[in-house]
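*Asks:* entry17.csv (CSV, C-alpha atoms) pasted underneath:
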chain,number,residue,atom,x,y,z
A,1,MET,CA,20.3,-52.3,55.7
A,2,ILE,CA,17.9,-50.1,57.7
A,3,ALA,CA,15.6,-51.8,60.2
A,4,GLU,CA,12.1,-52.4,58.9
A,5,GLU,CA,10.4,-50.7,61.7
A,6,THR,CA,12.4,-47.5,61.4
A,7,LEU,CA,11.8,-47.5,57.6
A,8,VAL,CA,8.0,-47.7,58.1
A,9,GLN,CA,8.1,-44.9,60.6
A,10,GLU,CA,10.1,-42.7,58.2
A,11,LEU,CA,7.7,-43.6,55.3
A,12,GLN,CA,4.8,-42.5,57.3
A,13,LYS,CA,6.3,-39.1,58.2
A,14,GLU,CA,5.8,-36.5,55.5
A,15,GLU,CA,9.3,-35.0,55.8
A,16,SER,CA,11.3,-38.2,55.6
A,17,ARG,CA,9.0,-40.0,53.2
A,18,ALA,CA,10.8,-39.4,49.9
A,19,LYS,CA,14.2,-40.5,51.2
A,20,ALA,CA,12.8,-43.6,52.9
A,21,PHE,CA,10.8,-44.6,49.8
A,22,GLU,CA,14.0,-44.5,47.8
A,23,VAL,CA,15.5,-47.0,50.3
A,24,LEU,CA,12.4,-49.1,50.1
A,25,VAL,CA,12.4,-49.3,46.3
A,26,ASN,CA,16.1,-50.1,46.3
A,27,THR,CA,15.7,-52.9,48.8
A,28,TYR,CA,12.7,-54.6,47.4
A,29,LYS,CA,12.7,-53.9,43.6
A,30,GLU,CA,14.5,-57.2,42.7
A,31,ARG,CA,12.6,-59.5,44.9
A,32,LEU,CA,9.2,-58.0,43.9
A,33,TYR,CA,10.3,-58.0,40.2
A,34,TRP,CA,10.9,-61.8,40.3
A,35,HIS,CA,7.7,-62.4,42.1
A,36,ILE,CA,5.7,-60.5,39.5
A,37,ARG,CA,7.7,-61.9,36.6
A,38,ARG,CA,6.8,-65.4,37.6
A,39,ILE,CA,3.1,-64.6,37.4
A,40,VAL,CA,3.0,-62.4,34.3
A,41,LEU,CA,6.0,-64.0,32.5
A,42,ASP,CA,6.7,-61.1,30.1
A,43,HIS,CA,9.4,-58.6,31.0
A,44,ASP,CA,7.6,-55.5,29.8
A,45,ASP,CA,4.4,-56.4,31.6
A,46,THR,CA,6.4,-57.1,34.7
A,47,ASP,CA,7.9,-53.6,34.5
A,48,ASP,CA,4.4,-52.0,34.3
A,49,VAL,CA,3.1,-54.1,37.2
A,50,LEU,CA,6.2,-53.5,39.3
A,51,GLN,CA,5.9,-49.7,38.9
A,52,ASN,CA,2.2,-49.8,39.7
A,53,THR,CA,2.9,-51.9,42.8
A,54,PHE,CA,5.4,-49.4,44.2
A,55,ILE,CA,3.1,-46.4,43.4
A,56,LYS,CA,0.3,-48.2,45.3
A,57,VAL,CA,2.7,-48.9,48.2
A,58,TYR,CA,3.6,-45.2,48.2
A,59,ARG,CA,0.0,-44.0,48.2
A,60,ASN,CA,-1.2,-46.5,50.8
A,61,ILE,CA,1.7,-46.5,53.3
A,62,ASP,CA,-0.4,-44.6,55.8
A,63,LYS,CA,-2.8,-47.5,55.9
A,64,PHE,CA,0.0,-50.0,56.7
A,65,LYS,CA,-0.7,-51.0,60.3
A,66,GLY,CA,2.5,-52.8,61.0
A,67,ASP,CA,0.7,-56.0,62.1
A,68,SER,CA,2.5,-57.9,59.4
A,69,LYS,CA,6.0,-57.5,57.9
A,70,LEU,CA,6.3,-54.7,55.4
A,71,TYR,CA,7.6,-57.0,52.8
A,72,SER,CA,4.8,-59.5,53.1
A,73,TRP,CA,2.4,-56.6,52.8
A,74,MET,CA,4.1,-55.5,49.6
A,75,TYR,CA,4.1,-59.0,48.2
A,76,ARG,CA,0.3,-59.0,48.8
A,77,ILE,CA,0.0,-55.8,46.8
A,78,ALA,CA,2.3,-57.2,44.0
A,79,THR,CA,0.3,-60.4,43.8
A,80,ASN,CA,-3.0,-58.6,43.6
A,81,GLU,CA,-1.7,-56.2,41.0
A,82,SER,CA,-0.3,-59.1,38.9
A,83,LEU,CA,-3.5,-61.1,39.0
A,84,THR,CA,-5.7,-58.0,38.2
A,85,PHE,CA,-3.3,-57.2,35.4
A,86,LEU,CA,-3.8,-60.7,33.9
A,87,LYS,CA,-7.6,-60.5,34.3
A,88,GLN,CA,-7.7,-57.2,32.5
A,89,LYS,CA,-5.4,-58.5,29.8
A,90,SER,CA,-7.5,-61.6,29.1
A,91,LYS,CA,-10.6,-59.4,29.0
A,92,LYS,CA,-9.0,-57.0,26.6
A,93,LEU,CA,-7.9,-59.9,24.3
A,94,GLY,CA,-11.2,-61.7,24.6
A,95,LEU,CA,-9.6,-64.8,26.0
A,96,SER,CA,-10.4,-67.0,29.0
A,97,ASP,CA,-7.9,-67.0,31.8
A,98,GLN,CA,-6.7,-70.4,30.8
A,99,GLU,CA,-6.3,-69.5,27.1
A,100,LEU,CA,-4.3,-66.4,28.1
A,101,LYS,CA,-1.9,-68.6,30.3
A,102,GLU,CA,-1.3,-70.9,27.4
A,103,ARG,CA,-0.6,-68.1,25.1
A,104,MET,CA,1.8,-66.5,27.5
A,105,VAL,CA,3.8,-69.7,27.7
A,106,GLU,CA,3.8,-70.0,23.9
A,107,ASN,CA,5.1,-66.4,23.6
A,108,LEU,CA,8.1,-67.4,25.9
A,109,GLN,CA,9.6,-69.3,23.0
A,110,ALA,CA,10.1,-66.0,21.1
A,111,ASP,CA,10.9,-63.9,24.2
A,112,VAL,CA,14.5,-62.6,24.1
A,113,TYR,CA,14.5,-62.4,27.9
A,114,PHE,CA,13.6,-66.0,28.4
A,115,GLU,CA,16.8,-68.1,28.3
A,116,GLY,CA,15.3,-71.3,29.5
A,117,ASP,CA,15.9,-74.6,27.6
A,118,GLU,CA,13.3,-77.3,26.8
A,119,ILE,CA,12.9,-78.5,30.4
A,120,GLN,CA,12.3,-74.9,31.7
A,121,LEU,CA,9.8,-74.3,29.0
A,122,LYS,CA,8.0,-77.5,30.0
A,123,LEU,CA,8.0,-76.4,33.6
A,124,GLN,CA,6.2,-73.2,32.5
A,125,LYS,CA,3.7,-75.3,30.6
A,126,ALA,CA,3.2,-77.4,33.7
A,127,LEU,CA,2.7,-74.3,35.9
A,128,ALA,CA,0.1,-73.0,33.4
A,129,THR,CA,-2.1,-76.0,34.2
A,130,LEU,CA,-2.1,-75.3,37.9
A,131,PRO,CA,-4.7,-73.2,39.8
A,132,ASP,CA,-3.4,-69.7,40.6
A,133,LYS,CA,-2.9,-70.4,44.3
A,134,GLN,CA,-0.9,-73.6,43.8
A,135,LYS,CA,1.2,-71.9,41.2
A,136,LEU,CA,1.9,-68.9,43.5
A,137,VAL,CA,2.8,-71.1,46.5
A,138,PHE,CA,5.1,-73.2,44.3
A,139,THR,CA,7.1,-70.3,42.8
A,140,MET,CA,7.3,-68.5,46.1
A,141,LYS,CA,8.6,-71.5,47.9
A,142,TYR,CA,10.6,-73.2,45.3
A,143,PHE,CA,12.2,-70.3,43.4
A,144,GLN,CA,12.0,-67.5,45.8
A,145,GLU,CA,12.7,-69.7,48.9
A,146,MET,CA,10.2,-67.8,51.1
A,147,LYS,CA,9.0,-69.2,54.4
A,148,TYR,CA,5.5,-70.6,54.7
A,149,LYS,CA,4.8,-68.0,57.4
A,150,ASP,CA,5.6,-65.1,55.0
A,151,ILE,CA,3.8,-66.7,52.1
A,152,ALA,CA,0.7,-67.1,54.3
A,153,VAL,CA,0.6,-63.4,55.1
A,154,ALA,CA,1.3,-62.4,51.4
A,155,LEU,CA,-1.5,-64.7,50.1
A,156,ASP,CA,-3.8,-64.2,53.1
A,157,THR,CA,-4.2,-67.8,53.9
A,158,SER,CA,-3.2,-70.4,56.5
A,159,GLU,CA,0.2,-72.2,56.6
A,160,GLY,CA,-1.5,-75.6,56.7
A,161,ALA,CA,-3.4,-74.9,53.5
A,162,LEU,CA,-0.2,-73.6,51.9
A,163,LYS,CA,1.8,-76.7,52.7
A,164,ALA,CA,-1.0,-78.9,51.2
A,165,SER,CA,-1.1,-76.7,48.1
A,166,TYR,CA,2.7,-76.8,47.7
A,167,HIS,CA,2.9,-80.6,47.9
A,168,LEU,CA,0.0,-80.9,45.5
A,169,ALA,CA,1.7,-78.5,43.1
A,170,VAL,CA,5.0,-80.4,43.2
A,171,LYS,CA,3.2,-83.7,42.5
A,172,LYS,CA,1.3,-82.3,39.6
A,173,ILE,CA,4.4,-80.7,38.0
A,174,GLU,CA,6.4,-83.9,38.4
A,175,THR,CA,3.7,-85.9,36.8
A,176,TYR,CA,3.4,-83.4,34.0
A,177,LEU,CA,7.2,-83.4,33.3
A,178,LYS,CA,7.3,-87.2,33.3
A,179,GLU,CA,4.4,-87.6,31.0
A,180,ASN,CA,5.3,-84.9,28.5
B,181,MET,CA,44.9,-88.5,19.4
B,182,LYS,CA,47.1,-88.4,22.4
B,183,LYS,CA,49.4,-91.4,23.0
B,184,ASP,CA,50.5,-92.6,26.4
B,185,LYS,CA,54.2,-93.5,26.4
B,186,LYS,CA,53.8,-96.6,28.6
B,187,ASN,CA,50.9,-98.2,26.9
B,188,SER,CA,49.1,-98.2,23.7
B,189,PHE,CA,45.7,-96.8,25.0
B,190,ASN,CA,44.5,-93.5,23.6
B,191,THR,CA,42.2,-90.8,24.9
B,192,PRO,CA,40.1,-88.4,22.8
B,193,GLU,CA,41.5,-84.9,22.3
B,194,GLY,CA,41.0,-82.6,25.3
B,195,TYR,CA,39.6,-85.4,27.5
B,196,PHE,CA,41.6,-84.6,30.6
B,197,GLU,CA,41.1,-80.8,30.1
B,198,SER,CA,37.4,-81.1,30.1
B,199,PHE,CA,37.1,-83.8,32.7
B,200,ASN,CA,36.6,-81.5,35.6
B,201,ASP,CA,33.8,-79.6,34.0
B,202,ARG,CA,32.0,-82.7,33.0
B,203,LEU,CA,32.4,-84.2,36.5
B,204,MET,CA,31.0,-81.1,38.1
B,205,ASP,CA,28.0,-81.1,35.8
B,206,LYS,CA,27.3,-84.6,36.6
B,207,ILE,CA,27.5,-84.0,40.4
B,208,LYS,CA,25.2,-81.0,40.0
B,209,ALA,CA,22.7,-83.1,38.0
B,210,GLU,CA,22.7,-85.8,40.7
B,211,GLU,CA,22.2,-83.3,43.5
B,212,ALA,CA,19.3,-81.8,41.6
B,213,HIS,CA,17.8,-85.2,41.2
B,214,GLU,CA,18.1,-85.9,44.9
B,215,ASN,CA,16.8,-82.6,46.1
B,216,GLY,CA,13.8,-81.9,43.9
B,217,GLY,CA,13.4,-84.7,41.5
B,218,ILE,CA,13.0,-83.7,37.9
B,219,ILE,CA,12.0,-80.1,38.5
B,220,PRO,CA,14.7,-77.7,37.2
B,221,LYS,CA,16.3,-75.4,39.8
B,222,THR,CA,16.1,-72.3,37.8
B,223,ASP,CA,13.3,-71.0,35.5
B,224,GLY,CA,15.3,-69.3,32.8
B,225,PHE,CA,14.0,-65.8,33.0
B,226,ALA,CA,16.4,-62.9,32.3
B,227,VAL,CA,16.2,-59.1,32.5
B,228,PRO,CA,17.7,-56.4,30.2
B,229,ASP,CA,21.1,-55.1,31.2
B,230,GLY,CA,20.9,-52.3,33.8
B,231,TYR,CA,17.2,-52.7,34.2
B,232,PHE,CA,17.2,-52.6,38.0
B,233,ASP,CA,19.2,-49.3,38.0
B,234,GLN,CA,16.8,-47.7,35.6
B,235,VAL,CA,13.5,-48.9,37.1
B,236,GLU,CA,14.3,-47.2,40.4
B,237,SER,CA,14.5,-43.7,38.9
B,238,SER,CA,11.3,-44.2,36.8
B,239,ILE,CA,9.4,-45.2,39.9
B,240,LEU,CA,10.7,-42.3,41.9
B,241,SER,CA,9.9,-39.8,39.2
B,242,LYS,CA,6.3,-41.0,39.2
B,243,THR,CA,5.9,-40.7,43.0
B,244,SER,CA,7.7,-37.3,43.4
B,245,ARG,CA,6.3,-35.1,40.7
B,246,LYS,CA,7.3,-31.6,41.4
B,247,GLU,CA,4.8,-28.7,41.3
B,248,VAL,CA,5.2,-26.7,38.1
B,249,LYS,CA,5.6,-23.0,38.7
B,250,VAL,CA,3.0,-21.0,36.8
B,251,ILE,CA,4.1,-17.8,35.3
B,252,PRO,CA,1.1,-15.3,35.2
B,253,LEU,CA,0.2,-13.9,31.8
B,254,ILE,CA,-0.6,-10.5,33.2
B,255,SER,CA,1.8,-9.4,35.9
B,256,ASN,CA,0.0,-6.3,36.9
B,257,ARG,CA,-1.5,-7.0,40.3
B,258,ASN,CA,-3.7,-3.9,40.2
B,259,PHE,CA,-5.6,-5.5,37.3
B,260,TYR,CA,-6.6,-8.4,39.4
B,261,TYR,CA,-7.6,-6.2,42.3
B,262,SER,CA,-9.8,-4.1,40.1
B,263,VAL,CA,-11.4,-7.2,38.5
B,264,ALA,CA,-12.0,-8.7,42.0
B,265,ALA,CA,-13.5,-5.5,43.2
B,266,ILE,CA,-15.9,-5.3,40.3
B,267,ALA,CA,-16.9,-8.9,40.8
B,268,ALA,CA,-17.4,-8.4,44.5
B,269,ILE,CA,-19.7,-5.4,43.8
B,270,PHE,CA,-21.8,-7.5,41.3
B,271,ILE,CA,-22.1,-10.4,43.7
B,272,LEU,CA,-23.2,-8.0,46.5
B,273,ILE,CA,-25.8,-6.4,44.3
B,274,PHE,CA,-27.2,-9.7,43.2
B,275,ASN,CA,-27.3,-11.0,46.7
B,276,ILE,CA,-29.1,-7.9,48.0
B,277,THR,CA,-31.7,-7.6,45.2
B,278,GLY,CA,-32.2,-11.3,45.3
B,279,ASN,CA,-32.8,-13.3,42.1
B,280,PRO,CA,-35.9,-15.4,42.5
B,281,THR,CA,-35.2,-17.5,39.4
B,282,SER,CA,-31.7,-18.7,40.5
B,283,GLU,CA,-31.8,-22.2,41.9
B,284,PRO,CA,-28.9,-24.2,43.2
B,285,ILE,CA,-27.3,-26.3,40.6
B,286,THR,CA,-28.4,-29.9,40.7
B,287,PHE,CA,-27.1,-33.1,39.2
B,288,ASP,CA,-29.6,-32.8,36.4
B,289,ASP,CA,-28.0,-29.6,35.2
B,290,LEU,CA,-24.9,-31.5,34.2
B,291,ALA,CA,-24.8,-32.4,30.6
B,292,ASN,CA,-24.3,-36.1,29.8
B,293,ALA,CA,-21.3,-35.3,27.8
B,294,GLU,CA,-19.6,-33.7,30.9
B,295,ILE,CA,-20.4,-36.7,33.0
B,296,GLU,CA,-19.0,-39.0,30.4
B,297,ALA,CA,-15.9,-36.9,30.0
B,298,TYR,CA,-15.4,-36.9,33.7
B,299,LEU,CA,-15.8,-40.7,34.0
B,300,GLU,CA,-13.5,-41.1,31.0
B,301,ASN,CA,-10.7,-38.9,32.3
B,302,THR,CA,-10.7,-39.6,36.0
B,303,GLU,CA,-8.8,-42.5,37.4
B,304,PHE,CA,-11.2,-44.3,39.7
B,305,GLU,CA,-8.9,-47.3,40.2
B,306,MET,CA,-12.1,-49.3,39.9
B,307,THR,CA,-12.7,-51.9,37.3
B,308,SER,CA,-16.1,-52.2,35.6
B,309,TYR,CA,-16.7,-55.3,37.7
B,310,GLU,CA,-16.2,-53.4,40.9
B,311,ILE,CA,-18.5,-50.6,39.7
B,312,ALA,CA,-21.1,-53.2,38.8
B,313,ALA,CA,-20.8,-54.7,42.3
B,314,VAL,CA,-21.8,-51.5,44.0
B,315,VAL,CA,-24.6,-50.5,41.6
B,316,SER,CA,-27.6,-52.6,42.2
B,317,LEU,CA,-29.5,-53.6,39.1
B,318,GLU,CA,-32.7,-53.5,41.0
B,319,GLU,CA,-32.4,-49.8,41.4
B,320,VAL,CA,-31.2,-49.1,37.9
B,321,GLU,CA,-33.1,-50.1,34.9
B,322,LEU,CA,-30.9,-50.8,31.9
B,323,ASN,CA,-32.9,-48.3,29.9
B,324,ASP,CA,-32.0,-45.6,32.4
B,325,ILE,CA,-28.4,-45.7,31.4
B,326,LEU,CA,-28.8,-46.2,27.7
B,327,VAL,CA,-29.3,-43.3,25.3
B,328,ASP,CA,-31.7,-45.3,23.1
B,329,ASP,CA,-34.2,-47.8,24.5
B,330,LEU,CA,-33.1,-51.3,24.2
B,331,GLU,CA,-35.7,-53.1,22.1
B,332,ASP,CA,-36.3,-56.8,22.7
B,333,ASP,CA,-35.2,-57.7,19.2
B,334,ILE,CA,-31.8,-56.0,19.7
B,335,ILE,CA,-31.3,-58.0,22.9
B,336,LEU,CA,-32.2,-61.2,21.1
B,337,GLU,CA,-30.0,-60.5,18.2
B,338,TYR,CA,-27.1,-59.8,20.6
B,339,LEU,CA,-27.7,-63.0,22.5
B,340,ASP,CA,-28.0,-65.0,19.3
B,341,GLU,CA,-24.7,-63.7,18.1
B,342,TYR,CA,-22.5,-63.8,21.2
B,343,VAL,CA,-23.9,-66.5,23.4
B,344,ASP,CA,-23.2,-70.1,22.5
B,345,ASP,CA,-24.6,-71.8,25.5
B,346,ILE,CA,-27.6,-70.4,27.3
B,347,GLU,CA,-26.5,-72.0,30.5
B,348,GLU,CA,-23.5,-69.7,30.6
B,349,LEU,CA,-25.9,-66.8,31.4
B,350,ASN,CA,-26.7,-68.3,34.8
B,351,LEU,CA,-30.2,-67.1,34.6
B,352,GLU,CA,-32.4,-67.8,37.5
B,353,TYR,CA,-35.5,-69.6,36.3
B,354,PRO,CA,-38.6,-69.4,38.4
B,355,ASP,CA,-39.6,-72.8,39.6
B,356,TYR,CA,-42.7,-73.9,37.8
B,357,GLU,CA,-43.2,-77.2,39.4
Render the structure in this file as structure tokens.
*Replies:*
Amino acid sequence: MIAEETLVQELQKEESRAKAFEVLVNTYKERLYWHIRRIVLDHDDTDDVLQNTFIKVYRNIDKFKGDSKLYSWMYRIATNESLTFLKQKSKKLGLSDQELKERMVENLQADVYFEGDEIQLKLQKALATLPDKQKLVFTMKYFQEMKYKDIAVALDTSEGALKASYHLAVKKIETYLKEN
Amino acid sequence: MKKDKKNSFNTPEGYFESFNDRLMDKIKAEEAHENGGIIPKTDGFAVPDGYFDQVESSILSKTSRKEVKVIPLISNRNFYYSVAAIAAIFILIFNITGNPTSEPITFDDLANAEIEAYLENTEFEMTSYEIAAVVSLEEVELNDILVDDLEDDIILEYLDEYVDDIEELNLEYPDYE
């Protein structure tokens, strides 16, 4: 794998951009896919958001200052794109944010690309009850096994606040799973 | 039923064959319980076969659109030169003689339909909320942007139909006390 710094330099130079971008997409497509998928849940929606995310990265690479890791910066774009996508979707369907989340989980039961069993469906129901930030921290830490430091950059918040959110999320999910 | 030669105890069919799998499942379940309590370790999402190979090419095709070569309808260059020459002469004449009635084109000269078509077809990457955030309501009267004046009874009818709770509007009431 190519060093991140070199990759950024190549991305910012006109002549090497196309090649470097190919490497970038290849390196991060799966990680970003799973990050987005855990927010928007549906595969086709994830596909749209993933493509938009990479297009935004491509167009804004000149603005990347290098004061954070490239991949945290891309996570931030992916997170914003996903949340904006959900906002637009709920507006289009005339639903509140919470109603949309509940409907998304209901749709999972008929989704051919969701292979979870009862407990995993329950987990999604529990996640749908959490505020966005707690849900994000939980999935990034628990399923994507990211470090608090990187999550803090991606979500633009402090590590301390994240740790508190994570523990709160775990408690709420456990309680939900026990009660339901 | 499988009989043991030395004693009369039996085991169910396939018991020893499946023992390893069942034992490993149990160990995994116990480990999961110790590590994260009752929260499952995976979340059950799947992707279509070959998705990650295909998504790369669709992203790259969107970011590296090649310029399309335009083939001219009339290939005779002399034609363009003569047209350009005539146009240049006309421009020169108009500039010299001066046309007192010609004024610079202003924003008002644009037809509403053109502005609407432009807004409709141009990607601003701005949501209507973002646009609303930069346009101050104090400067723009609602009736400035509507074709027909908004009569009070239309507003009341709308509110009556779509607003259940007047509190939701977050109106700022003047303090009468």
*Asks:* When you count only C-alpha atoms, which of these residues is closest to chain A: B:Ser262, B:Ser237, B:Asn292, B:Thr191?
*Replies:*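 Ranking B:Ser262, B:Ser237, B:Asn292, B:Thr191 by distance to chain A, first place goes to B:Ser237.
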*Asks:* Per residue of chain B within 10 Å of chain A, record the nearest atom pair and its distance in Å to one decimal, counting only C-alpha atoms, with rows in chain order and ascending residue number, as CSV.
*Replies:*
residue,atom,partner,partner_atom,distance
B:Gly216,CA,A:Val170,CA,9.0
B:Gly217,CA,A:Glu174,CA,7.7
B:Ile218,CA,A:Glu174,CA,6.6
B:Ile219,CA,A:Glu174,CA,6.8
B:Pro220,CA,A:Gln120,CA,6.6
B:Lys221,CA,A:Phe143,CA,7.5
B:Thr222,CA,A:Phe143,CA,7.1
B:Asp223,CA,A:Gln120,CA,5.5
B:Gly224,CA,A:Gly116,CA,3.9
B:Phe225,CA,A:Phe114,CA,4.6
B:Ala226,CA,A:Tyr113,CA,4.8
B:Val227,CA,A:Tyr113,CA,5.9
B:Pro228,CA,A:Tyr113,CA,7.2
B:Tyr231,CA,A:Asp47,CA,9.3
B:Phe232,CA,A:Glu30,CA,7.1
B:Asp233,CA,A:Asn26,CA,8.9
B:Val235,CA,A:Asp47,CA,7.8
B:Glu236,CA,A:Val25,CA,6.5
B:Ser237,CA,A:Glu22,CA,8.9
B:Ser238,CA,A:Gln51,CA,8.0
B:Ile239,CA,A:Gln51,CA,5.8
B:Leu240,CA,A:Glu22,CA,7.1
B:Lys242,CA,A:Ile55,CA,7.6
B:Thr243,CA,A:Ile55,CA,6.4
B:Ser244,CA,A:Ala18,CA,7.5
B:Thr307,CA,A:Gln88,CA,8.7
*Asks:* For atom CA of Tyr28 of chain A and atom CA of Lys87 of chain A, quote the distance in Å rounded to one decimal.
*Replies:* 24.9 Å
*Asks:* What is the distance between atom CA of Lys149 of chain A and atom CA of Trp73 of chain A, in Å to one decimal?
*Replies:*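 Atom-to-atom, atom CA of Lys149 of chain A and atom CA of Trp73 of chain A are spaced 12.5 Å apart.
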*Asks:* Go through A:Ser72, A:Phe85, A:Ala154, A:Gly66 one by one, measure the shortest atom-to-atom distance of each to Thr46 of chain A using all atoms listed in the file, and give the residue with the smallest value.
*Replies:*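 Among the listed residues, A:Phe85 lies closest to Thr46 of chain A.
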*Asks:* Once all heavy atoms are restored for segment 228-235 of chain B, what would the output be as a PDB file, keeping the file's coordinate frame?
*Replies:*
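Listed below is the output, result24.pdb:
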ATOM      1  N   PRO B 228      16.755 -57.238  30.968  1.00  0.00           N
ATOM      2  CA  PRO B 228      17.700 -56.400  30.200  1.00  0.00           C
ATOM      3  C   PRO B 228      18.807 -55.871  31.042  1.00  0.00           C
ATOM      4  O   PRO B 228      18.584 -55.632  32.226  1.00  0.00           O
ATOM      5  CB  PRO B 228      16.804 -55.299  29.632  1.00  0.00           C
ATOM      6  CG  PRO B 228      15.410 -55.710  29.849  1.00  0.00           C
ATOM      7  CD  PRO B 228      15.391 -56.709  30.953  1.00  0.00           C
ATOM      8  N   ASP B 229      19.973 -55.650  30.445  1.00  0.00           N
ATOM      9  CA  ASP B 229      21.100 -55.100  31.200  1.00  0.00           C
ATOM     10  C   ASP B 229      20.739 -53.765  31.832  1.00  0.00           C
ATOM     11  O   ASP B 229      20.136 -52.910  31.178  1.00  0.00           O
ATOM     12  CB  ASP B 229      22.309 -54.896  30.270  1.00  0.00           C
ATOM     13  CG  ASP B 229      22.923 -56.231  29.907  1.00  0.00           C
ATOM     14  OD1 ASP B 229      22.702 -57.197  30.670  1.00  0.00           O
ATOM     15  OD2 ASP B 229      23.607 -56.316  28.864  1.00  0.00           O
ATOM     16  N   GLY B 230      21.112 -53.595  33.078  1.00  0.00           N
ATOM     17  CA  GLY B 230      20.900 -52.300  33.800  1.00  0.00           C
ATOM     18  C   GLY B 230      19.480 -51.982  34.098  1.00  0.00           C
ATOM     19  O   GLY B 230      19.162 -50.875  34.506  1.00  0.00           O
ATOM     20  N   TYR B 231      18.578 -52.982  33.959  1.00  0.00           N
ATOM     21  CA  TYR B 231      17.200 -52.700  34.200  1.00  0.00           C
ATOM     22  C   TYR B 231      16.900 -52.222  35.625  1.00  0.00           C
ATOM     23  O   TYR B 231      16.185 -51.250  35.855  1.00  0.00           O
ATOM     24  CB  TYR B 231      16.312 -53.944  33.888  1.00  0.00           C
ATOM     25  CG  TYR B 231      14.895 -53.815  34.375  1.00  0.00           C
ATOM     26  CD1 TYR B 231      14.003 -52.970  33.723  1.00  0.00           C
ATOM     27  CD2 TYR B 231      14.459 -54.470  35.523  1.00  0.00           C
ATOM     28  CE1 TYR B 231      12.709 -52.803  34.185  1.00  0.00           C
ATOM     29  CE2 TYR B 231      13.175 -54.305  36.001  1.00  0.00           C
ATOM     30  CZ  TYR B 231      12.306 -53.480  35.326  1.00  0.00           C
ATOM     31  OH  TYR B 231      11.038 -53.307  35.798  1.00  0.00           O
ATOM     32  N   PHE B 232      17.511 -52.902  36.606  1.00  0.00           N
ATOM     33  CA  PHE B 232      17.200 -52.600  38.000  1.00  0.00           C
ATOM     34  C   PHE B 232      17.706 -51.188  38.404  1.00  0.00           C
ATOM     35  O   PHE B 232      17.184 -50.580  39.332  1.00  0.00           O
ATOM     36  CB  PHE B 232      17.733 -53.660  38.934  1.00  0.00           C
ATOM     37  CG  PHE B 232      16.933 -54.924  38.847  1.00  0.00           C
ATOM     38  CD1 PHE B 232      17.503 -56.096  38.367  1.00  0.00           C
ATOM     39  CD2 PHE B 232      15.594 -54.939  39.210  1.00  0.00           C
ATOM     40  CE1 PHE B 232      16.745 -57.252  38.262  1.00  0.00           C
ATOM     41  CE2 PHE B 232      14.830 -56.094  39.099  1.00  0.00           C
ATOM     42  CZ  PHE B 232      15.420 -57.253  38.623  1.00  0.00           C
ATOM     43  N   ASP B 233      18.741 -50.698  37.726  1.00  0.00           N
ATOM     44  CA  ASP B 233      19.200 -49.300  38.000  1.00  0.00           C
ATOM     45  C   ASP B 233      18.226 -48.312  37.491  1.00  0.00           C
ATOM     46  O   ASP B 233      17.943 -47.292  38.110  1.00  0.00           O
ATOM     47  CB  ASP B 233      20.581 -49.086  37.392  1.00  0.00           C
ATOM     48  CG  ASP B 233      21.603 -50.050  37.956  1.00  0.00           C
ATOM     49  OD1 ASP B 233      21.473 -50.399  39.140  1.00  0.00           O
ATOM     50  OD2 ASP B 233      22.499 -50.470  37.208  1.00  0.00           O
ATOM     51  N   GLN B 234      17.683 -48.642  36.322  1.00  0.00           N
ATOM     52  CA  GLN B 234      16.800 -47.700  35.600  1.00  0.00           C
ATOM     53  C   GLN B 234      15.418 -47.648  36.210  1.00  0.00           C
ATOM     54  O   GLN B 234      14.785 -46.591  36.281  1.00  0.00           O
ATOM     55  CB  GLN B 234      16.892 -47.995  34.138  1.00  0.00           C
ATOM     56  CG  GLN B 234      15.778 -47.493  33.283  1.00  0.00           C
ATOM     57  CD  GLN B 234      14.764 -48.597  33.062  1.00  0.00           C
ATOM     58  OE1 GLN B 234      15.113 -49.708  32.676  1.00  0.00           O
ATOM     59  NE2 GLN B 234      13.496 -48.300  33.304  1.00  0.00           N
ATOM     60  N   VAL B 235      14.940 -48.814  36.674  1.00  0.00           N
ATOM     61  CA  VAL B 235      13.500 -48.900  37.100  1.00  0.00           C
ATOM     62  C   VAL B 235      13.333 -48.005  38.378  1.00  0.00           C
ATOM     63  O   VAL B 235      12.287 -47.401  38.568  1.00  0.00           O
ATOM     64  CB  VAL B 235      13.080 -50.330  37.386  1.00  0.00           C
ATOM     65  CG1 VAL B 235      13.697 -50.922  38.634  1.00  0.00           C
ATOM     66  CG2 VAL B 235      11.560 -50.399  37.500  1.00  0.00           C
TER      67      VAL B 235
END
